[in-house]
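Undergrad: Questions regarding the structure given below will be posed in turn.
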Amino acid sequence: LQQTQHKNNPTMLTKFESKSARVKGLAFHPVRPWICASLHNGVIQLWDYRVGTVIDRFEEHDGPVRGVDFHLHEPLIVTGGDDYKIKVWDYKLRRCLFTLLGHLDYIRTVQFHPNATQFPWILSASDDQTLRLWDFHKRSCLSVLTGHNHYVMCAAFHPSEDLIVSASLDQTVRVWDTTGLRKKQLGGTGGADGGFPGMMDAQNGNRGGGQSAAAATALNVQAELFGTNDVVVKYVLEGHDRGVNWAAFHPTLPLLASAADDRQVKLWRMSETKAWEVDTLRGHANNVSCCLFHPKQELVVSNSEDRSIRVWDVSKRVGVQTFRREGDRFWILAAHRSQNLLAAGHDSGMIVFKLERERPASAHGPGDKVYYVRGRELFCHDYARATGGSSGVDVPIASLRRVGQQAQTDGIGSGPRFLSYNMHNPTEGNILVCSEVDGGCYELITFSLTNTGGSVTDGKRGSCLGPGVFLGRNRFAVLDRVKREIVVKNLNNETTKRVSAPVPNVDCLYDGGASGRIILRADDRAVLFEVQSRRVIGELTAPKIKNVVWSPDGTKVALLCKYGVVIANRQLEQLCSISDTVRIKSGAWDVSPSGGTSSNLFIYTTLHHVKYCLPTGDTGTIRTLDNPIYATRVVKDQLFCLDREARSRVISIDTTEARFKLALVNKKYGQVMHMVKHSRLCGRAIVAYLQSKGFPEVALHFVRDPQTRFRLALACGNIEAAMESAFSLEQQQGLDGKARDVWGELGSEALRQGNHQVVEMSYQRKKDFDRLSFLYMLTGDSEKLRKMLKISNMRNDIMGRYHNGLLLGDAAERVAVLEASGNLPLAYISAKLHGLEDVAERIKVAIETQEGSVEGLMDKVSVGTKKGGRLLQPPTPIVRAGNWPTLEIKKTTLEDLSAGDAGDEYEEEEAAVPVSADSGAVDTAWDDDLQGDADIGGADDDFDMGDDMGWGDDDGLDDLGDFGEEAKAAPVDEMAGLHEISDDAGFQMPPAGRPPAGCWAATSSHAADHMAAGGASSAMQLLHRQIAASDFSNLKGSMLGCYLGSTVSLPGIPGSGSIIVPLMRNDASGHPGNDSLPRTSSTMRTLVAGVRQGYRFFQTGKFNDAKNAFTEVLSQIPLTVTDSRAEANEMKEMLEVCREYITAIRIKGSMAEAVADPVRSTELAAYFTHCNLQPMHLLLALRSAMGTSFKHKNFILAASFARRLLELPDMKSERNADLRMKATKVLQKSEQMARNEHTLNYNENAAFTIDCKDFVPIYTGDECVKCSYCGSTYKGSEMKGQVCVTDGFCTIGVETIGLVTGN
């Protein structure tokens, strides 16, 4: 939508735009962000204009639908169309409820009564020259309003009085009085008490009290034929020269506006007895379709078939804004009842828009003050002077003068947009008031801080683009709106310096957080710039920045974007970035003096929510909002803000969840446990958060659901809590499949910890007899193993009996099982081998009875050899005890802190628990840290994820496993220990050690280390994120080399497998541990050897071999780890060398293909010399280019190459004497000829890079895309998203962090 500028008016603020058939009717929902549009093709669309989606469609009308309206309270929509029908729809049921028939021609408009709860009326206007009033409860016609003698184009109720206005093509506007009908509907009281509040009580008679049914029927017939006198014409307004298309009431004043085909908008005033024309607004160039009064400002908005929307000042009666749309005529306007929103329908859809932004201009002052503008006054709001029930005191500072005609009209964006307060000047107050009037301007206001409002210096003005920024005590900077330069001025408004912006397309300045610094907004970037030294300090990507909010201590900054928040440190290095689905409105940092949230908790508001964000990236929703607000200050659980009327408000918020997450991140575990016990923390989100951060034991304190508690207990290894939850689940679900799965999971975790008593109970409840037998064999419990044998006998489980006999070493039992199962030959062999001669004889008789024979059976078993039969006995268990031995058990940090609330209680409990010397030393250190928790929080001002907060290496958070007391020895009864579960459910078993591969992947962010650990998926993900690798076929060899080269295989003892031993690269100074990292097969030495080999091949003309060598180095570099910054820089130089040589070799190949084309071969020879080669190789390239150019008679170019060749240092040596003489002759001959035979795409005087695909020059300023790994450049954007030609595995045009060289 384009705008005709009236003295540089701001453009229309479009909130939503739809594409559809011609829109003929519009209606805003009174509460929800919905708009209903009726279309010329008969469809009715229900849109959510906040998110831009169609909620529903209604398609029962035949032909165009011109009128639509929402009911104020019920889920009803009324529509009227060219099929003569009025339909009432229920949008919750998504269907038409009923149809009202009676009109004889097209229906133009329909409307519910403003007080439709008391008066269930619908008003309709039709081309049959009548208006009709309908009762939609009774579904009948109440009254027919006749009087117009042409089409009635619109009709509308007065918002508060008993009046109706109608406009017709008979060139008149009629105002109707509905007092009689209202009294008739009230049933005879006639009093104003039961009527529509504010209605005129012009008649006191009772028109409907005692009429009979027959009389009522007669009146209805009369109403259908001739109309009634229940509704009478009050005024007939004549003045338009052509048909009137629209008429509308003012919401509060006795005014009317009408729009007509004579291209005019007229204003009318009404009194009790008459109405008259006030003025005519001229400016439209075609029929005026619609007009209305702005609901909040003294403005009239009209639209027309001349493809424009015009805004008129009612008091001055002049046009102040015009918005044009190319190719689309406007037909309809609608205004929201309570919000500052308008909508317009046109030939190809509709738009929802505002005339001005509603964010009040405000700025933080010193201490507890905020400055803001309300109307035309500048106020200071002092929070320090807050009393009960108020947020503070408003102190007026100055009245703001508005310069220019357009600035005198309120409601069209003429007010101040930005405020900037000078925080660098402690002696007086300086405020820059910036607005968008006349393209952008500022006013500098100076006032005394001691006598606020008493001594205000007259404002100094100037032009600017966007907000101004104070740089120091007596300096401020604005952006020149023409040259986009940074203009520095003193407080006398005198220009002292002009500084060019360091980046192009700068369109806004923001505060830089320190003296002399500013943040520049350029495209989708934010640049931190120091004006004095003219250097860029930091830069980050932030799309559509709207505002910048610095933390109170100046260490962090929040960049508020249109749909997100980016938090960075003072050097503009990004800490986190979050995105939202709706627009961000405002934000403020917490300034609470205690609690550790100051400058670490950022509260921001959207259209309907208050949310929080932490520098770690954690976010959450705090509460909902009825109306948008603009946050100015956050103290504990109070949010101070301004509403859209610039009134200060205080809103209660609950930041418990945010403070809990912040304490957990900052390792303030005492505060964490206090909040767990005394705050209301609940919900799956908190549980999932604690699990993701590795603190499932914290969630155990407040989760009550048995299933969730069971999962959490398993996650933190708390067997006792898991058992408790398993019993609860068993009682709820019974012994079905799900309950058995629970016991199976519990048994697996107990087995991992070595608690075989819990494993035994789990297998018993799961009835897993095979595992139970094996467990008894491992623990050496022969007595219970014999019981399992009896159970197998009772269950007739043949395999179970055999296995139990095998585990017991009971040969007789095994022979009996084989005999019982019918395997007599096997039973005979087994009995003979084990020396059971009597049993063998008996089995022999049984075999012979069955006409069998035992001859030859024993020959099948070679006794005495390795493969022969032998006696099988179960292994002897190492320890026969109630439970297996475990390591010394310690408490986790959080569980230890949960033992007591106060330091004294904590000390008493620790004194009562006997501990070893080592654990006692650790506990003492923890106890000291707990007492000094407040000091720790105060000292750690900067948010540092790496700081251990003084807890030392033994804080227990590096590996949250099972730390608990050593389990007590169980009695002989295997179940007795299970009935004596300790009340202290906070003890855990120690965790198993981590395999080296797990340490490598967790410690390093280098792809080579992940690949060495066997994590091919994570290695490929890292390469994809870091260098945009997408085709890993070229990297396969290097990746497999990393994996195979990180370990060595040692042969074990006879009969066992080989031992895989990891090779470490950082174990020279200490024992291997969690920080160990693997050796990699590719080193800097191999890379250097590869590059040298490529040089040798290139020198001898073996270009294919050279290309393969450099390509191999390119594939090895991403998987090579450097040990120092010098090696990292050397590796990056190798990367550039490989790229240049591969490009040069490919150009050489293209030269051979283009030998028949003199122009292309000369161009390629010239480009060949611009590859960054070694001097000896550059000499060869220049010699080739000189010869090619001279041969094709491009003498100017040949002379250039000859000069470059002669300037090389190697040309002075004797071995190049012949080449030097030849170059001298070529130069002499070329200077004589001094012409180029061909026009070449080559400019030796301009700097350029070479397109690595098409081999054409890319000059400075040309559009191009790059490979984020090797840096190959490609002209235009065609190659974006494709694989790089040079390296063969990275995607072009993806912005990444680049090559990671070390860990």
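Letters A, B, ... mark the chains of the structure tokens in the order given; residue numbers begin at 1 per chain; ligand numbers begin at 1, in order shown.
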Quick one: residues within 12 Å of Asp1254 in chain A, only C-alpha atoms counted, chain neighbours fewer than 2 positions away excluded, as a list in words?
TA: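 The neighbour list is Thr1143, Arg1146, Ile1147, Ser1150, Arg1160, Glu1163, Leu1164, Tyr1167, Ile1250, Asp1251, Cys1252, Val1256, Pro1257, Ile1258, Thr1273, Tyr1274, Lys1275, Gly1276, Glu1278, Met1279 and Val1285 of chain A.
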Undergrad: Which residues come within 10 Å of Ala343 in chain A, counting only C-alpha atoms, excluding same-chain residues fewer than 2 positions away, as a PyMOL selection string?
TA: chain A and resi 14-17+26-28+35+37+332-336+341+345+350-354
Undergrad: Give me the residues near Leu1182 in chain A as a VMD selection string, where near means some atom within 9 Å (using only C-alpha atoms) and where sequence neighbours in that chain fewer than 4 positions away do not count.
TA: chain A and resid 1165 to 1166 1168 to 1169 1177 to 1178 1186 to 1187 1201 to 1202 1204 to 1205
Undergrad: Next, dump the selected residues to file, keeping only all heavy atoms, as a PDB file, in the first residue's frame.
TA:
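The resulting again34.pdb:
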ATOM      1  N   ALA A1165      43.910 -17.846 -19.200  1.00  0.00           N
ATOM      2  CA  ALA A1165      45.328 -17.687 -18.877  1.00  0.00           C
ATOM      3  C   ALA A1165      45.542 -16.497 -17.950  1.00  0.00           C
ATOM      4  O   ALA A1165      46.387 -16.532 -17.044  1.00  0.00           O
ATOM      5  CB  ALA A1165      46.132 -17.524 -20.166  1.00  0.00           C
ATOM      6  N   ALA A1166      44.754 -15.422 -18.161  1.00  0.00           N
ATOM      7  CA  ALA A1166      44.865 -14.245 -17.294  1.00  0.00           C
ATOM      8  C   ALA A1166      44.366 -14.554 -15.891  1.00  0.00           C
ATOM      9  O   ALA A1166      44.993 -14.175 -14.889  1.00  0.00           O
ATOM     10  CB  ALA A1166      44.072 -13.083 -17.900  1.00  0.00           C
ATOM     11  N   PHE A1168      44.375 -17.398 -14.506  1.00  0.00           N
ATOM     12  CA  PHE A1168      45.327 -18.338 -13.922  1.00  0.00           C
ATOM     13  C   PHE A1168      46.409 -17.596 -13.116  1.00  0.00           C
ATOM     14  O   PHE A1168      46.854 -18.051 -12.070  1.00  0.00           O
ATOM     15  CB  PHE A1168      45.948 -19.145 -15.062  1.00  0.00           C
ATOM     16  CG  PHE A1168      46.756 -20.329 -14.602  1.00  0.00           C
ATOM     17  CD1 PHE A1168      46.439 -21.002 -13.434  1.00  0.00           C
ATOM     18  CD2 PHE A1168      47.842 -20.787 -15.345  1.00  0.00           C
ATOM     19  CE1 PHE A1168      47.182 -22.099 -13.013  1.00  0.00           C
ATOM     20  CE2 PHE A1168      48.587 -21.878 -14.923  1.00  0.00           C
ATOM     21  CZ  PHE A1168      48.252 -22.531 -13.758  1.00  0.00           C
ATOM     22  N   THR A1169      46.783 -16.424 -13.613  1.00  0.00           N
ATOM     23  CA  THR A1169      47.843 -15.666 -12.932  1.00  0.00           C
ATOM     24  C   THR A1169      47.337 -14.983 -11.669  1.00  0.00           C
ATOM     25  O   THR A1169      48.152 -14.470 -10.894  1.00  0.00           O
ATOM     26  CB  THR A1169      48.418 -14.603 -13.877  1.00  0.00           C
ATOM     27  OG1 THR A1169      47.404 -13.615 -14.162  1.00  0.00           O
ATOM     28  CG2 THR A1169      48.893 -15.219 -15.174  1.00  0.00           C
ATOM     29  N   HIS A1177      55.724 -21.177  -8.997  1.00  0.00           N
ATOM     30  CA  HIS A1177      54.572 -21.621  -9.788  1.00  0.00           C
ATOM     31  C   HIS A1177      53.918 -20.431 -10.479  1.00  0.00           C
ATOM     32  O   HIS A1177      53.397 -20.567 -11.588  1.00  0.00           O
ATOM     33  CB  HIS A1177      53.579 -22.346  -8.887  1.00  0.00           C
ATOM     34  CG  HIS A1177      54.159 -23.524  -8.196  1.00  0.00           C
ATOM     35  ND1 HIS A1177      53.700 -23.970  -6.969  1.00  0.00           N
ATOM     36  CD2 HIS A1177      55.191 -24.349  -8.536  1.00  0.00           C
ATOM     37  CE1 HIS A1177      54.406 -25.028  -6.590  1.00  0.00           C
ATOM     38  NE2 HIS A1177      55.330 -25.269  -7.518  1.00  0.00           N
ATOM     39  N   LEU A1178      53.935 -19.277  -9.838  1.00  0.00           N
ATOM     40  CA  LEU A1178      53.396 -18.076 -10.468  1.00  0.00           C
ATOM     41  C   LEU A1178      54.221 -17.726 -11.700  1.00  0.00           C
ATOM     42  O   LEU A1178      53.695 -17.221 -12.700  1.00  0.00           O
ATOM     43  CB  LEU A1178      53.390 -16.915  -9.467  1.00  0.00           C
ATOM     44  CG  LEU A1178      52.833 -15.587  -9.963  1.00  0.00           C
ATOM     45  CD1 LEU A1178      51.375 -15.744 -10.390  1.00  0.00           C
ATOM     46  CD2 LEU A1178      52.944 -14.513  -8.882  1.00  0.00           C
ATOM     47  N   MET A1186      51.631 -15.009 -20.761  1.00  0.00           N
ATOM     48  CA  MET A1186      52.299 -14.090 -21.683  1.00  0.00           C
ATOM     49  C   MET A1186      52.353 -14.695 -23.079  1.00  0.00           C
ATOM     50  O   MET A1186      52.053 -14.031 -24.084  1.00  0.00           O
ATOM     51  CB  MET A1186      53.709 -13.804 -21.159  1.00  0.00           C
ATOM     52  CG  MET A1186      54.527 -12.870 -22.024  1.00  0.00           C
ATOM     53  SD  MET A1186      56.201 -12.627 -21.380  1.00  0.00           S
ATOM     54  CE  MET A1186      56.901 -14.260 -21.710  1.00  0.00           C
ATOM     55  N   GLY A1187      52.682 -15.992 -23.139  1.00  0.00           N
ATOM     56  CA  GLY A1187      52.767 -16.623 -24.448  1.00  0.00           C
ATOM     57  C   GLY A1187      51.417 -16.710 -25.126  1.00  0.00           C
ATOM     58  O   GLY A1187      51.297 -16.467 -26.330  1.00  0.00           O
ATOM     59  N   PHE A1201      51.637  -8.951 -18.583  1.00  0.00           N
ATOM     60  CA  PHE A1201      52.180 -10.187 -18.022  1.00  0.00           C
ATOM     61  C   PHE A1201      53.705 -10.173 -18.053  1.00  0.00           C
ATOM     62  O   PHE A1201      54.371 -10.696 -17.144  1.00  0.00           O
ATOM     63  CB  PHE A1201      51.638 -11.395 -18.784  1.00  0.00           C
ATOM     64  CG  PHE A1201      50.157 -11.605 -18.600  1.00  0.00           C
ATOM     65  CD1 PHE A1201      49.330 -11.954 -19.659  1.00  0.00           C
ATOM     66  CD2 PHE A1201      49.585 -11.441 -17.351  1.00  0.00           C
ATOM     67  CE1 PHE A1201      47.977 -12.144 -19.484  1.00  0.00           C
ATOM     68  CE2 PHE A1201      48.219 -11.646 -17.165  1.00  0.00           C
ATOM     69  CZ  PHE A1201      47.425 -11.984 -18.232  1.00  0.00           C
ATOM     70  N   ALA A1202      54.275  -9.600 -19.110  1.00  0.00           N
ATOM     71  CA  ALA A1202      55.739  -9.535 -19.195  1.00  0.00           C
ATOM     72  C   ALA A1202      56.301  -8.673 -18.071  1.00  0.00           C
ATOM     73  O   ALA A1202      57.322  -9.026 -17.450  1.00  0.00           O
ATOM     74  CB  ALA A1202      56.152  -8.981 -20.561  1.00  0.00           C
ATOM     75  N   ARG A1204      54.899  -8.110 -15.086  1.00  0.00           N
ATOM     76  CA  ARG A1204      54.754  -8.854 -13.839  1.00  0.00           C
ATOM     77  C   ARG A1204      55.800  -9.960 -13.737  1.00  0.00           C
ATOM     78  O   ARG A1204      56.328 -10.238 -12.655  1.00  0.00           O
ATOM     79  CB  ARG A1204      53.351  -9.456 -13.740  1.00  0.00           C
ATOM     80  CG  ARG A1204      52.245  -8.415 -13.520  1.00  0.00           C
ATOM     81  CD  ARG A1204      50.873  -9.063 -13.532  1.00  0.00           C
ATOM     82  NE  ARG A1204      50.740 -10.091 -12.504  1.00  0.00           N
ATOM     83  CZ  ARG A1204      49.700 -10.941 -12.417  1.00  0.00           C
ATOM     84  NH1 ARG A1204      48.733 -10.857 -13.323  1.00  0.00           N
ATOM     85  NH2 ARG A1204      49.656 -11.847 -11.463  1.00  0.00           N
ATOM     86  N   LEU A1205      56.110 -10.580 -14.899  1.00  0.00           N
ATOM     87  CA  LEU A1205      57.102 -11.643 -14.903  1.00  0.00           C
ATOM     88  C   LEU A1205      58.486 -11.109 -14.574  1.00  0.00           C
ATOM     89  O   LEU A1205      59.242 -11.692 -13.788  1.00  0.00           O
ATOM     90  CB  LEU A1205      57.091 -12.329 -16.271  1.00  0.00           C
ATOM     91  CG  LEU A1205      57.874 -13.634 -16.432  1.00  0.00           C
ATOM     92  CD1 LEU A1205      57.372 -14.670 -15.460  1.00  0.00           C
ATOM     93  CD2 LEU A1205      57.733 -14.151 -17.850  1.00  0.00           C
TER      94      LEU A1205
END
Undergrad: I need the residue nearest Leu432 in chain A from this list: A:Gly462, A:Gly620, A:Gly1015, A:Gly1094. Use only C-alpha atoms for the distance.
TA: A:Gly462
Undergrad: Between A:Val144, A:Cys154, A:Leu560, A:Leu625, which one has atoms that come closest to Gly80 in chain A, using only C-alpha atoms?
TA: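 Smallest separation from Gly80 in chain A among the options: A:Cys154.
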Undergrad: Could you list, as a PyMOL selection string, every residue within 9 Å of range 266-283 of chain A, counting only C-alpha atoms and ignoring same-chain residues fewer than 2 positions away?
TA: chain A and resi 234-240+253-260+263-264+285+310+312+314+317-319
Undergrad: For the residues in the current selection, export N, CA, C and O atoms as a short mmCIF file (atom, residue, chain, number, x, y, z; two decimals), in the first residue's frame.
TA:
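Result went into selection.cif, see below:
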data_model
loop_
_atom_site.label_atom_id
_atom_site.label_comp_id
_atom_site.auth_asym_id
_atom_site.auth_seq_id
_atom_site.Cartn_x
_atom_site.Cartn_y
_atom_site.Cartn_z
N LYS A 234 -37.04 11.18 11.76
CA LYS A 234 -36.77 12.37 12.57
C LYS A 234 -36.19 13.50 11.73
O LYS A 234 -36.58 14.65 11.86
N TYR A 235 -35.21 13.16 10.87
CA TYR A 235 -34.61 14.17 9.98
C TYR A 235 -34.44 13.56 8.60
O TYR A 235 -34.19 12.37 8.46
N VAL A 236 -34.53 14.42 7.61
CA VAL A 236 -34.14 14.08 6.24
C VAL A 236 -33.06 15.07 5.85
O VAL A 236 -33.30 16.29 5.80
N LEU A 237 -31.84 14.57 5.58
CA LEU A 237 -30.68 15.43 5.30
C LEU A 237 -30.46 15.44 3.79
O LEU A 237 -30.19 14.40 3.19
N GLU A 238 -30.59 16.62 3.21
CA GLU A 238 -30.40 16.77 1.77
C GLU A 238 -29.26 17.74 1.52
O GLU A 238 -29.15 18.77 2.19
N GLY A 239 -28.41 17.39 0.60
CA GLY A 239 -27.26 18.25 0.33
C GLY A 239 -26.32 17.65 -0.69
O GLY A 239 -25.59 18.35 -1.37
N HIS A 240 -26.34 16.33 -0.79
CA HIS A 240 -25.51 15.67 -1.80
C HIS A 240 -26.14 15.81 -3.17
O HIS A 240 -27.37 15.82 -3.31
N LEU A 253 -20.63 12.31 20.00
CA LEU A 253 -21.16 13.65 19.69
C LEU A 253 -22.35 13.55 18.75
O LEU A 253 -22.49 12.58 18.01
N PRO A 254 -23.22 14.59 18.73
CA PRO A 254 -24.37 14.59 17.80
C PRO A 254 -23.94 14.96 16.39
O PRO A 254 -24.33 16.01 15.85
N LEU A 255 -23.09 14.13 15.80
CA LEU A 255 -22.58 14.39 14.46
C LEU A 255 -22.87 13.20 13.56
O LEU A 255 -22.97 12.06 14.02
N LEU A 256 -22.95 13.49 12.27
CA LEU A 256 -23.12 12.47 11.24
C LEU A 256 -22.08 12.73 10.15
O LEU A 256 -21.70 13.88 9.90
N ALA A 257 -21.66 11.65 9.50
CA ALA A 257 -20.82 11.76 8.32
C ALA A 257 -21.47 10.96 7.21
O ALA A 257 -22.02 9.88 7.46
N SER A 258 -21.42 11.48 5.98
CA SER A 258 -22.02 10.77 4.86
C SER A 258 -21.07 10.83 3.67
O SER A 258 -20.30 11.79 3.51
N ALA A 259 -21.10 9.78 2.85
CA ALA A 259 -20.23 9.67 1.68
C ALA A 259 -21.11 9.37 0.47
O ALA A 259 -22.02 8.56 0.55
N ALA A 260 -20.79 10.03 -0.66
CA ALA A 260 -21.70 9.93 -1.79
C ALA A 260 -20.94 9.84 -3.11
O ALA A 260 -19.71 9.98 -3.16
N ARG A 263 -18.47 12.50 -4.90
CA ARG A 263 -17.05 12.52 -4.51
C ARG A 263 -16.80 13.35 -3.26
O ARG A 263 -15.68 13.78 -3.01
N GLN A 264 -17.85 13.54 -2.46
CA GLN A 264 -17.72 14.38 -1.27
C GLN A 264 -18.06 13.58 -0.01
O GLN A 264 -18.83 12.63 -0.05
N ALA A 285 -11.43 11.50 -5.89
CA ALA A 285 -11.55 11.70 -7.34
C ALA A 285 -12.56 10.74 -7.95
O ALA A 285 -12.67 10.69 -9.17
N ARG A 310 -8.67 8.14 2.70
CA ARG A 310 -8.31 9.48 3.17
C ARG A 310 -8.71 9.65 4.63
O ARG A 310 -9.73 9.13 5.07
N TRP A 312 -9.40 12.58 7.55
CA TRP A 312 -9.78 13.99 7.67
C TRP A 312 -9.79 14.40 9.14
O TRP A 312 -10.21 13.63 10.00
N VAL A 314 -11.51 16.31 11.92
CA VAL A 314 -12.88 16.80 12.10
C VAL A 314 -12.89 18.25 12.56
O VAL A 314 -13.71 19.07 12.11
N ARG A 317 -11.36 20.20 9.66
CA ARG A 317 -12.12 19.87 8.46
C ARG A 317 -11.24 19.91 7.21
O ARG A 317 -11.61 20.46 6.17
N VAL A 318 -10.07 19.33 7.34
CA VAL A 318 -9.15 19.23 6.21
C VAL A 318 -8.61 17.81 6.15
O VAL A 318 -8.60 17.09 7.15
N GLY A 319 -8.15 17.40 4.99
CA GLY A 319 -7.52 16.10 4.84
C GLY A 319 -6.09 16.13 5.36
O GLY A 319 -5.34 17.07 5.09
#
Undergrad: I need the residue nearest Pro996 in chain A from this list: A:Leu1077, A:Leu1044, A:Val23, A:Met1176. Use only C-alpha atoms for the distance.
TA: A:Leu1077
Undergrad: Can you measure CA of Gln297 in chain A to CA of Asn547 in chain A for me? One decimal in Å is fine.
TA: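 Separation between CA of Gln297 in chain A and CA of Asn547 in chain A: 27.0 Å.
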Undergrad: Which polymer residues have any atom within 12 Å of an atom of Pro502 in chain A, counting only C-alpha atoms, with same-chain residues fewer than 2 positions away left out, as number ranges by chain?
TA: A: 484-486, 499-500, 504-506, 518-522, 526-531, 533-539
Undergrad: With only C-alpha atoms as the basis for distance, which of A:Ala1106, A:Ala831, A:Leu614, A:Leu1173 is at the shortest distance from Asn666 in chain A?
TA: A:Leu614
Undergrad: Figure out the distance between CA of Phe774 in chain A and CA of Ala812 in chain A, please, to one decimal in Å.
TA: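 These two atoms are separated by 19.8 Å.
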Undergrad: Considering only helix (DSSP H, G or I) as DSSP defines it on the backbone, what residues of range 1046-1145 of chain A qualify? List them as a PyMOL selection string.
TA: chain A and resi 1084-1099+1103-1119+1125-1145
Undergrad: For Leu1219 in chain A, which residue among A:Leu775, A:Leu1206, A:Ile1297, A:Ala361 is the nearest when counting only C-alpha atoms?
TA: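 So, comparing all the options, the nearest one is A:Leu1206.
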